[in-house]
Amino acid sequence: MSGYQFFSPEEYRLLQECVHCGLCLGSCPTYMVNGREADSPRGRLSLMKYLDEDSAADTGGAYHHIDLCLGCLACQTACPSGVRYSQLLEKTRSYQRREVQPLGWSQRLLLRWFTERRRLGLITALVRLVQRTGLDRLVRSLRLLPPTLRFQLAGLPKVPNHAFSRAREPQLPAVAPDDQHQGAVALFTGCVMDHWYGEVHAATARILRWNGFDVALPEGQTCCGALHVHAGLEKEAEHLLARNRDVFMNVDAQALVVDAAGCGAQLRTSLWPDGDGLPVVDVFEWLATHITRPPRYKLTEKISYDAPCHLHHAQSITEEPYRLLELACEQLTPLPEAEMCCGSAGLYSLVHGNISRQVLARKIDYIRFVNPAVLVTGNPGCQLQLQAGLREAGIKASVRHAIQVLDNAYRRDEDYRYAFELAEDSGQL
Amino acid sequence: MPIPPSLIKKLRRIVGRKQVETGPAELLVYESDGLRLHTARPGCVVYPASTDEVSQLVKVCCQAGVPFVARGAGTGLSGGAICDGGVIIQLSRMNRVLAVHPDDRYAVVQPGVTNEYLNLQTRGHGLEFAPDPSSGVSCTIGGNVAEDAGGPHTLKYGVTHNHVLGQTVVFPDGETATLGGPFPVSTGPSFSTFLIGTEGTIAITTEIIVRLVPVAPAVVTMLAIYSKVADATDAVSGILTAGVLPAALEMIDHLCIQAVEAHLKAGFPTDAAAVLIIELDGEETLMKREAEIVARVCRGQGTAAFYTAETDEERLRLWQGRKHAAGALGKITQAFYTNDGVVPRSRLTDIFQAIYRIGDKYGLRIGNMCHAGDGVIHPQILFDSDDPQGPGRAMDCSRDILLACLEMGGSITGEHGVGVEKRGYIDQMYSAVDLAHMIRLRDGFNPGGCLNPGKIFPNNAKDGETGSAASIPPGAGE
């Protein structure tokens, strides 16, 4: 039997690999908060099959549940048959956006503005202005904006003065004794990360250089297109990928290091369709096998790690962050359900604010229980969502990228501070 | 027969508009539980949040004469959670652990709590809920109670009814009762225990008091590899007659090993005919002695290789391979049918011979995983879902295996329940008089027959056509 509307015969066979055992249910954040079978992975696969066989019969109900999927892919980790849920989800969403329900204008607008360098630059300048003048508190307290936006604003980091890639030379040399040089890697700077979380890129670059790598920052790179794929905009994503492909095609390096889990997942599967280009690696994965100069001193704060879904589930990078954090922390305290989504999921937190917040609430409960001084993750969206959630709940913990924690441990070392001209008190988390 | 709009209105008034689903997409996903061979679409699904809401819901359903069924996570394997045209009372929102009393070793939970979540809440106190069905990451305590669920570790610790101290239930007329309590009392019959395993045909459980047991101080997990299934099954009897009571004693055969190693990769050798997973737990020095006995018996029984898991990680990987073996079958087949027979342990070798013979007779591949120590077998009958005769042949094949179990003095179900799936065979296990008494007992509490009709017993006298029979594919052995 083959597919009817959008699945190829091979994909239809993938769909049949779901044997309905239900082992995915307990891993699905949306099912955990609303208990509806249609909002479980097993239910959604049944709905995909139903839509594929007779899309016309649906009156919109089925697509609603496809929309409600966070795309965290925890079900893929849980599935004993290895059903490739993400592939099936993307195919269904792409058909939905193309043939049934085009993406809403607000989401389209967001995707256009946030992932295009110059426009993002404008937004960033505006946010910076609002933050510097203290207007953001006023905006939040006046309740002019819809509640989901207000909530997200609270999670925004203090936007730096320059995008990371603007402030740097395109090539940063290794800072290590000559006999410890390990060659060159390229760093993926992306869109939102580059403008808002430049400090993470800076920390990544420092640690790579300290461990003997020259870090290349190839110019012309752009958004990875992950959000577009999640929203079902296949063509737009392909366009962005093609631009990145042109940039990285001729880069002479051992690997393309990515320090945002969402971008990493997208680039790993899609940058090189034939699989023969510059290897895409996550920063934790790379450092876990290439760290030659671990931090001399450890941080003493109580630290917990919350795994980004697109690292843990989409890229199956599960152990490496813990291994690295153990090098940097004396008190690494496990967080229950650390591998469950925080509800951020790209634009999801804006579009489906209500359910996103319910997913987050479960996470916040665990954080309150463990009570770490610093909560560590590895993706800008998660960082923003968790920070907003903690602020709202009145929990003091700060949220950092794991790389920043590692960098802070390094900063306790005078040589490291000296090499990168960092102030002595810069190691505060 | 569609559900009358007036009833839908009443249901909405009780639980709120958003907690009642009637759309085709929403109902479609409730067509089956973990067993896909029996499907029936409900008329609506409601999501209550409290005992009180459940009580009101059942009352209006009964008044309207509309059938209703309580459902947990839908991981059951006997069609127990389907309800043709009726109301599914989905208990997944009632998913809170209400209290944990570590000193008195019990917890109070709502029925929608999963085994995994309960244990997450209690392990900090060094305690756990012992029954561990393989679907424990998703399945609910309410479902455990309805089916009297087991799992690998029930060999040593007993099944659900050994671990439930009391429960709050709602009877079909809406009456609520609290049965049993956190402490053992012996006044009169244990009504709570009687309800466990009645598959939700007498009352709906809305709160459960579960016994917690200490987490074992030490665990050893061993893997014995065999090139002949008969050697493995003989070793099972050997271990138990040598006086060792393992926490778990499981077997997986060649075909299921292939499925597990295709994706999960538990580390089972793919050329083995069968492997045994033997787990011991308890006090360290005693365990060491027992481990030596197990190793000696396994080696004496012609094991090709014998390993002891060195790390927790390795141990968990073996268990994941065992527990998720059925779910992994999707890698090697489009469809399969899980059988749940039981034989006396001494007949394990015979039943496996019979299983493979029956498989050959129908030309169907059968993979096996089983709670060998308990004699509970789970032959997985693989079939071609594109072949219109496929499901029927698989069901006939399964029937023959169940009849073979009965012939050896066993049972048609170990832990999956009768549901709609095996109601056609229950009269092979019980006499007409036995059955009449059981039905009388049920009807005493469920006089209108609205609660979960068509389950367990054939030709429900009160509810002649409960729909489900019509959906059994041709060739099914009824």
# chains A, B, ... in the order shown; residues from 1 in each chain; ligands from 1
call {"tool": "interface_residues", "arguments": {"of": "chain B", "to": "chain A", "cutoff": "8 Å", "atoms": "only C-alpha atoms", "output": "JSON, numbers by chain"}}
result
{"B": [23, 24, 25, 26, 28, 29, 30, 33, 34, 35, 36, 73, 74, 75, 92, 93, 114, 135, 137, 138, 260, 263, 264, 324, 325, 326, 327, 328, 329, 330, 331, 333, 334, 335, 386]}
call {"tool": "write_last_selection", "arguments": {"atoms": "C-alpha atoms", "output": "PDB file, in the first residue's frame"}}
result
ATOM      1  CA  GLY B  23     -14.838  15.640  16.669  1.00  0.00           C
ATOM      2  CA  PRO B  24     -13.975  12.881  14.190  1.00  0.00           C
ATOM      3  CA  ALA B  25     -10.220  13.392  14.493  1.00  0.00           C
ATOM      4  CA  GLU B  26     -10.373  13.354  18.280  1.00  0.00           C
ATOM      5  CA  LEU B  28     -10.451   8.380  15.711  1.00  0.00           C
ATOM      6  CA  VAL B  29      -7.450   8.121  18.022  1.00  0.00           C
ATOM      7  CA  TYR B  30      -9.524   6.333  20.644  1.00  0.00           C
ATOM      8  CA  ASP B  33      -5.755   0.497  22.704  1.00  0.00           C
ATOM      9  CA  GLY B  34      -2.401  -1.221  22.257  1.00  0.00           C
ATOM     10  CA  LEU B  35      -4.153  -4.068  20.427  1.00  0.00           C
ATOM     11  CA  ARG B  36      -5.022  -2.831  16.985  1.00  0.00           C
ATOM     12  CA  ALA B  73      -3.206   5.386  28.744  1.00  0.00           C
ATOM     13  CA  GLY B  74      -4.577   2.874  26.245  1.00  0.00           C
ATOM     14  CA  THR B  75      -1.540   0.623  26.409  1.00  0.00           C
ATOM     15  CA  SER B  92      -5.367  10.992  32.120  1.00  0.00           C
ATOM     16  CA  ARG B  93      -6.034  14.357  33.747  1.00  0.00           C
ATOM     17  CA  THR B 114       1.993   6.330  35.411  1.00  0.00           C
ATOM     18  CA  SER B 135       4.804  -0.212  29.368  1.00  0.00           C
ATOM     19  CA  VAL B 137       6.758   4.637  31.240  1.00  0.00           C
ATOM     20  CA  SER B 138       3.242   5.312  29.949  1.00  0.00           C
ATOM     21  CA  VAL B 260      15.518  -5.272  19.426  1.00  0.00           C
ATOM     22  CA  HIS B 263      17.180  -0.206  16.515  1.00  0.00           C
ATOM     23  CA  LEU B 264      17.329  -0.363  20.303  1.00  0.00           C
ATOM     24  CA  HIS B 324      10.552  -2.620  24.759  1.00  0.00           C
ATOM     25  CA  ALA B 325      10.918  -5.723  22.626  1.00  0.00           C
ATOM     26  CA  ALA B 326       7.262  -5.744  21.541  1.00  0.00           C
ATOM     27  CA  GLY B 327       7.378  -2.082  20.609  1.00  0.00           C
ATOM     28  CA  ALA B 328      10.516  -2.766  18.600  1.00  0.00           C
ATOM     29  CA  LEU B 329       8.763  -5.255  16.336  1.00  0.00           C
ATOM     30  CA  GLY B 330       7.740  -2.381  14.056  1.00  0.00           C
ATOM     31  CA  LYS B 331      11.255  -2.596  12.658  1.00  0.00           C
ATOM     32  CA  THR B 333       6.956  -6.348  10.606  1.00  0.00           C
ATOM     33  CA  GLN B 334       3.959  -4.258   9.583  1.00  0.00           C
ATOM     34  CA  ALA B 335       1.704  -5.843  12.138  1.00  0.00           C
ATOM     35  CA  ASP B 386      -2.170  -5.910   3.618  1.00  0.00           C
TER      36      ASP B 386
END
call {"tool": "residues_around", "arguments": {"residues": "B:Ala274", "least_positions_apart": "5", "cutoff": "6 Å", "atoms": "only C-alpha atoms", "output": "JSON, numbers by chain"}}
result
{"B": [226, 229, 252, 253, 254]}
call {"tool": "closest_residue", "arguments": {"among": "A:Val359, A:Ala409, A:Val257, A:Ala265", "to": "A:Val185", "atoms": "only C-alpha atoms"}}
result
A:Val257
call {"tool": "atom_distance", "arguments": {"atom1": "atom CA of A:Ala186", "atom2": "atom CA of A:Ala226"}}
result
19.4 Å
call {"tool": "residues_around", "arguments": {"residues": "B:Ser78", "least_positions_apart": "6", "cutoff": "10 Å", "atoms": "only C-alpha atoms", "output": "PyMOL selection string"}}
result
chain B and resi 32-38+147+338-340+413+415-423+455-456
call {"tool": "residues_around", "arguments": {"residues": "stretch 83-88 of chain B", "least_positions_apart": "5", "cutoff": "8 Å", "atoms": "only C-alpha atoms", "output": "MDAnalysis selection string"}}
result
chainID B and resid 1:3 40:46 61 66:71 452 466:468
call {"tool": "write_last_selection", "arguments": {"atoms": "N, CA, C and O atoms", "output": "PDB file, in the first residue's frame"}}
result
ATOM      1  N   MET B   1     -25.203   3.853  16.962  1.00  0.00           N
ATOM      2  CA  MET B   1     -26.171   4.783  17.551  1.00  0.00           C
ATOM      3  C   MET B   1     -25.429   5.988  18.108  1.00  0.00           C
ATOM      4  O   MET B   1     -24.598   5.845  18.988  1.00  0.00           O
ATOM      5  N   PRO B   2     -25.690   7.174  17.558  1.00  0.00           N
ATOM      6  CA  PRO B   2     -24.971   8.344  18.064  1.00  0.00           C
ATOM      7  C   PRO B   2     -25.434   8.703  19.478  1.00  0.00           C
ATOM      8  O   PRO B   2     -26.543   8.364  19.881  1.00  0.00           O
ATOM      9  N   ILE B   3     -24.570   9.387  20.187  1.00  0.00           N
ATOM     10  CA  ILE B   3     -24.914   9.796  21.540  1.00  0.00           C
ATOM     11  C   ILE B   3     -25.910  10.948  21.483  1.00  0.00           C
ATOM     12  O   ILE B   3     -25.711  11.895  20.721  1.00  0.00           O
ATOM     13  N   ALA B  40     -13.056   0.066  17.661  1.00  0.00           N
ATOM     14  CA  ALA B  40     -14.431   0.540  17.766  1.00  0.00           C
ATOM     15  C   ALA B  40     -14.366   2.011  18.112  1.00  0.00           C
ATOM     16  O   ALA B  40     -13.630   2.401  19.025  1.00  0.00           O
ATOM     17  N   ARG B  41     -15.088   2.823  17.383  1.00  0.00           N
ATOM     18  CA  ARG B  41     -14.992   4.257  17.625  1.00  0.00           C
ATOM     19  C   ARG B  41     -15.992   4.684  18.695  1.00  0.00           C
ATOM     20  O   ARG B  41     -17.161   4.328  18.624  1.00  0.00           O
ATOM     21  N   PRO B  42     -15.513   5.449  19.683  1.00  0.00           N
ATOM     22  CA  PRO B  42     -16.447   5.925  20.713  1.00  0.00           C
ATOM     23  C   PRO B  42     -17.310   7.058  20.175  1.00  0.00           C
ATOM     24  O   PRO B  42     -17.020   7.629  19.120  1.00  0.00           O
ATOM     25  N   GLY B  43     -18.357   7.388  20.909  1.00  0.00           N
ATOM     26  CA  GLY B  43     -19.218   8.501  20.514  1.00  0.00           C
ATOM     27  C   GLY B  43     -18.722   9.820  21.067  1.00  0.00           C
ATOM     28  O   GLY B  43     -18.953  10.872  20.478  1.00  0.00           O
ATOM     29  N   CYS B  44     -18.059   9.764  22.196  1.00  0.00           N
ATOM     30  CA  CYS B  44     -17.408  10.968  22.718  1.00  0.00           C
ATOM     31  C   CYS B  44     -16.423  10.580  23.810  1.00  0.00           C
ATOM     32  O   CYS B  44     -16.432   9.455  24.308  1.00  0.00           O
ATOM     33  N   VAL B  45     -15.537  11.515  24.119  1.00  0.00           N
ATOM     34  CA  VAL B  45     -14.527  11.282  25.146  1.00  0.00           C
ATOM     35  C   VAL B  45     -14.622  12.414  26.164  1.00  0.00           C
ATOM     36  O   VAL B  45     -14.706  13.580  25.782  1.00  0.00           O
ATOM     37  N   VAL B  46     -14.651  12.057  27.448  1.00  0.00           N
ATOM     38  CA  VAL B  46     -14.690  13.099  28.481  1.00  0.00           C
ATOM     39  C   VAL B  46     -13.478  12.966  29.395  1.00  0.00           C
ATOM     40  O   VAL B  46     -12.959  11.872  29.597  1.00  0.00           O
ATOM     41  N   CYS B  61     -24.754   9.015  32.281  1.00  0.00           N
ATOM     42  CA  CYS B  61     -24.636   8.013  31.217  1.00  0.00           C
ATOM     43  C   CYS B  61     -25.630   6.875  31.470  1.00  0.00           C
ATOM     44  O   CYS B  61     -26.304   6.406  30.555  1.00  0.00           O
ATOM     45  N   VAL B  66     -26.509   4.925  27.974  1.00  0.00           N
ATOM     46  CA  VAL B  66     -25.389   4.933  27.024  1.00  0.00           C
ATOM     47  C   VAL B  66     -24.171   4.241  27.666  1.00  0.00           C
ATOM     48  O   VAL B  66     -23.835   4.543  28.803  1.00  0.00           O
ATOM     49  N   PRO B  67     -23.542   3.299  26.958  1.00  0.00           N
ATOM     50  CA  PRO B  67     -22.398   2.599  27.536  1.00  0.00           C
ATOM     51  C   PRO B  67     -21.204   3.536  27.748  1.00  0.00           C
ATOM     52  O   PRO B  67     -21.034   4.507  27.014  1.00  0.00           O
ATOM     53  N   PHE B  68     -20.406   3.216  28.765  1.00  0.00           N
ATOM     54  CA  PHE B  68     -19.207   4.014  29.027  1.00  0.00           C
ATOM     55  C   PHE B  68     -18.101   3.130  29.570  1.00  0.00           C
ATOM     56  O   PHE B  68     -18.352   2.081  30.153  1.00  0.00           O
ATOM     57  N   VAL B  69     -16.853   3.588  29.336  1.00  0.00           N
ATOM     58  CA  VAL B  69     -15.678   2.813  29.705  1.00  0.00           C
ATOM     59  C   VAL B  69     -14.640   3.769  30.288  1.00  0.00           C
ATOM     60  O   VAL B  69     -14.440   4.851  29.746  1.00  0.00           O
ATOM     61  N   ALA B  70     -13.979   3.358  31.356  1.00  0.00           N
ATOM     62  CA  ALA B  70     -12.872   4.148  31.878  1.00  0.00           C
ATOM     63  C   ALA B  70     -11.597   3.735  31.147  1.00  0.00           C
ATOM     64  O   ALA B  70     -11.394   2.560  30.856  1.00  0.00           O
ATOM     65  N   ARG B  71     -10.762   4.715  30.840  1.00  0.00           N
ATOM     66  CA  ARG B  71      -9.548   4.428  30.079  1.00  0.00           C
ATOM     67  C   ARG B  71      -8.371   5.156  30.714  1.00  0.00           C
ATOM     68  O   ARG B  71      -8.513   6.286  31.183  1.00  0.00           O
ATOM     69  N   ASN B 452     -18.807  -0.512  30.746  1.00  0.00           N
ATOM     70  CA  ASN B 452     -17.892  -1.389  30.031  1.00  0.00           C
ATOM     71  C   ASN B 452     -18.519  -2.680  29.515  1.00  0.00           C
ATOM     72  O   ASN B 452     -18.055  -3.778  29.834  1.00  0.00           O
ATOM     73  N   THR B 466     -22.992  -5.538  21.772  1.00  0.00           N
ATOM     74  CA  THR B 466     -22.172  -4.453  22.297  1.00  0.00           C
ATOM     75  C   THR B 466     -21.242  -3.935  21.230  1.00  0.00           C
ATOM     76  O   THR B 466     -20.348  -3.178  21.488  1.00  0.00           O
ATOM     77  N   GLY B 467     -21.489  -4.408  20.017  1.00  0.00           N
ATOM     78  CA  GLY B 467     -20.751  -3.817  18.906  1.00  0.00           C
ATOM     79  C   GLY B 467     -19.416  -4.465  18.637  1.00  0.00           C
ATOM     80  O   GLY B 467     -19.073  -4.717  17.495  1.00  0.00           O
ATOM     81  N   SER B 468     -18.692  -4.745  19.672  1.00  0.00           N
ATOM     82  CA  SER B 468     -17.312  -5.150  19.465  1.00  0.00           C
ATOM     83  C   SER B 468     -17.197  -6.431  18.654  1.00  0.00           C
ATOM     84  O   SER B 468     -16.292  -6.587  17.857  1.00  0.00           O
TER      85      SER B 468
END
call {"tool": "atom_distance", "arguments": {"atom1": "atom CA of A:Gln87", "atom2": "atom CA of A:Ile66"}}
result
13.2 Å
call {"tool": "residues_around", "arguments": {"residues": "A:Leu217", "least_positions_apart": "6", "cutoff": "7 Å", "atoms": "only C-alpha atoms", "output": "PyMOL selection string"}}
result
chain A and resi 170-171+186-187
call {"tool": "decode", "arguments": {"residues": "stretch 108-119 of chain B", "atoms": "all heavy atoms", "output": "PDB file, in the first residue's frame"}}
result
ATOM      1  N   VAL B 108      -0.781   7.567  48.050  1.00  0.00           N
ATOM      2  CA  VAL B 108      -2.138   7.696  47.543  1.00  0.00           C
ATOM      3  C   VAL B 108      -2.052   8.372  46.184  1.00  0.00           C
ATOM      4  O   VAL B 108      -1.456   9.444  46.063  1.00  0.00           O
ATOM      5  CB  VAL B 108      -3.016   8.538  48.492  1.00  0.00           C
ATOM      6  CG1 VAL B 108      -4.459   8.559  48.000  1.00  0.00           C
ATOM      7  CG2 VAL B 108      -2.937   7.997  49.910  1.00  0.00           C
ATOM      8  N   VAL B 109      -2.587   7.720  45.166  1.00  0.00           N
ATOM      9  CA  VAL B 109      -2.439   8.260  43.807  1.00  0.00           C
ATOM     10  C   VAL B 109      -3.782   8.300  43.095  1.00  0.00           C
ATOM     11  O   VAL B 109      -4.707   7.555  43.423  1.00  0.00           O
ATOM     12  CB  VAL B 109      -1.457   7.416  42.965  1.00  0.00           C
ATOM     13  CG1 VAL B 109      -0.114   7.301  43.649  1.00  0.00           C
ATOM     14  CG2 VAL B 109      -2.018   6.034  42.657  1.00  0.00           C
ATOM     15  N   GLN B 110      -3.836   9.181  42.112  1.00  0.00           N
ATOM     16  CA  GLN B 110      -4.987   9.188  41.210  1.00  0.00           C
ATOM     17  C   GLN B 110      -4.741   8.145  40.116  1.00  0.00           C
ATOM     18  O   GLN B 110      -3.594   7.760  39.876  1.00  0.00           O
ATOM     19  CB  GLN B 110      -5.160  10.588  40.616  1.00  0.00           C
ATOM     20  CG  GLN B 110      -5.604  11.612  41.657  1.00  0.00           C
ATOM     21  CD  GLN B 110      -5.953  12.952  41.018  1.00  0.00           C
ATOM     22  OE1 GLN B 110      -5.192  13.473  40.214  1.00  0.00           O
ATOM     23  NE2 GLN B 110      -7.096  13.505  41.389  1.00  0.00           N
ATOM     24  N   PRO B 111      -5.801   7.693  39.442  1.00  0.00           N
ATOM     25  CA  PRO B 111      -5.640   6.560  38.526  1.00  0.00           C
ATOM     26  C   PRO B 111      -4.793   6.865  37.287  1.00  0.00           C
ATOM     27  O   PRO B 111      -4.234   5.964  36.681  1.00  0.00           O
ATOM     28  CB  PRO B 111      -7.081   6.216  38.125  1.00  0.00           C
ATOM     29  CG  PRO B 111      -7.868   7.453  38.398  1.00  0.00           C
ATOM     30  CD  PRO B 111      -7.203   8.114  39.560  1.00  0.00           C
ATOM     31  N   GLY B 112      -4.670   8.154  36.915  1.00  0.00           N
ATOM     32  CA  GLY B 112      -3.930   8.482  35.701  1.00  0.00           C
ATOM     33  C   GLY B 112      -2.429   8.614  35.899  1.00  0.00           C
ATOM     34  O   GLY B 112      -1.699   8.932  34.957  1.00  0.00           O
ATOM     35  N   VAL B 113      -1.946   8.366  37.112  1.00  0.00           N
ATOM     36  CA  VAL B 113      -0.505   8.418  37.378  1.00  0.00           C
ATOM     37  C   VAL B 113       0.175   7.225  36.700  1.00  0.00           C
ATOM     38  O   VAL B 113      -0.323   6.107  36.783  1.00  0.00           O
ATOM     39  CB  VAL B 113      -0.257   8.376  38.899  1.00  0.00           C
ATOM     40  CG1 VAL B 113       1.199   8.107  39.221  1.00  0.00           C
ATOM     41  CG2 VAL B 113      -0.717   9.671  39.537  1.00  0.00           C
ATOM     42  N   THR B 114       1.295   7.456  36.043  1.00  0.00           N
ATOM     43  CA  THR B 114       1.993   6.330  35.411  1.00  0.00           C
ATOM     44  C   THR B 114       2.904   5.658  36.441  1.00  0.00           C
ATOM     45  O   THR B 114       3.307   6.273  37.422  1.00  0.00           O
ATOM     46  CB  THR B 114       2.868   6.791  34.231  1.00  0.00           C
ATOM     47  OG1 THR B 114       3.884   7.657  34.718  1.00  0.00           O
ATOM     48  CG2 THR B 114       2.052   7.528  33.177  1.00  0.00           C
ATOM     49  N   ASN B 115       3.239   4.400  36.184  1.00  0.00           N
ATOM     50  CA  ASN B 115       4.147   3.672  37.077  1.00  0.00           C
ATOM     51  C   ASN B 115       5.452   4.435  37.218  1.00  0.00           C
ATOM     52  O   ASN B 115       6.001   4.577  38.300  1.00  0.00           O
ATOM     53  CB  ASN B 115       4.441   2.274  36.521  1.00  0.00           C
ATOM     54  CG  ASN B 115       3.235   1.375  36.575  1.00  0.00           C
ATOM     55  OD1 ASN B 115       2.192   1.699  36.004  1.00  0.00           O
ATOM     56  ND2 ASN B 115       3.351   0.259  37.265  1.00  0.00           N
ATOM     57  N   GLU B 116       5.956   4.933  36.099  1.00  0.00           N
ATOM     58  CA  GLU B 116       7.233   5.631  36.113  1.00  0.00           C
ATOM     59  C   GLU B 116       7.174   6.888  36.972  1.00  0.00           C
ATOM     60  O   GLU B 116       8.073   7.167  37.749  1.00  0.00           O
ATOM     61  CB  GLU B 116       7.624   6.002  34.670  1.00  0.00           C
ATOM     62  CG  GLU B 116       8.799   6.955  34.629  1.00  0.00           C
ATOM     63  CD  GLU B 116       9.859   6.542  33.657  1.00  0.00           C
ATOM     64  OE1 GLU B 116      10.166   5.329  33.612  1.00  0.00           O
ATOM     65  OE2 GLU B 116      10.370   7.419  32.957  1.00  0.00           O
ATOM     66  N   TYR B 117       6.103   7.653  36.820  1.00  0.00           N
ATOM     67  CA  TYR B 117       5.986   8.907  37.560  1.00  0.00           C
ATOM     68  C   TYR B 117       5.856   8.629  39.059  1.00  0.00           C
ATOM     69  O   TYR B 117       6.467   9.317  39.875  1.00  0.00           O
ATOM     70  CB  TYR B 117       4.787   9.708  37.053  1.00  0.00           C
ATOM     71  CG  TYR B 117       4.665  11.071  37.679  1.00  0.00           C
ATOM     72  CD1 TYR B 117       5.550  12.084  37.345  1.00  0.00           C
ATOM     73  CD2 TYR B 117       3.673  11.343  38.617  1.00  0.00           C
ATOM     74  CE1 TYR B 117       5.456  13.335  37.934  1.00  0.00           C
ATOM     75  CE2 TYR B 117       3.566  12.587  39.206  1.00  0.00           C
ATOM     76  CZ  TYR B 117       4.458  13.589  38.854  1.00  0.00           C
ATOM     77  OH  TYR B 117       4.360  14.822  39.439  1.00  0.00           O
ATOM     78  N   LEU B 118       5.080   7.604  39.405  1.00  0.00           N
ATOM     79  CA  LEU B 118       4.945   7.246  40.817  1.00  0.00           C
ATOM     80  C   LEU B 118       6.314   6.915  41.410  1.00  0.00           C
ATOM     81  O   LEU B 118       6.683   7.402  42.486  1.00  0.00           O
ATOM     82  CB  LEU B 118       3.980   6.058  40.969  1.00  0.00           C
ATOM     83  CG  LEU B 118       3.881   5.427  42.362  1.00  0.00           C
ATOM     84  CD1 LEU B 118       3.469   6.448  43.412  1.00  0.00           C
ATOM     85  CD2 LEU B 118       2.900   4.255  42.349  1.00  0.00           C
ATOM     86  N   ASN B 119       7.076   6.106  40.688  1.00  0.00           N
ATOM     87  CA  ASN B 119       8.384   5.717  41.204  1.00  0.00           C
ATOM     88  C   ASN B 119       9.344   6.901  41.276  1.00  0.00           C
ATOM     89  O   ASN B 119      10.194   6.967  42.158  1.00  0.00           O
ATOM     90  CB  ASN B 119       8.974   4.584  40.373  1.00  0.00           C
ATOM     91  CG  ASN B 119       8.265   3.268  40.672  1.00  0.00           C
ATOM     92  OD1 ASN B 119       7.757   3.072  41.770  1.00  0.00           O
ATOM     93  ND2 ASN B 119       8.208   2.384  39.693  1.00  0.00           N
TER      94      ASN B 119
END
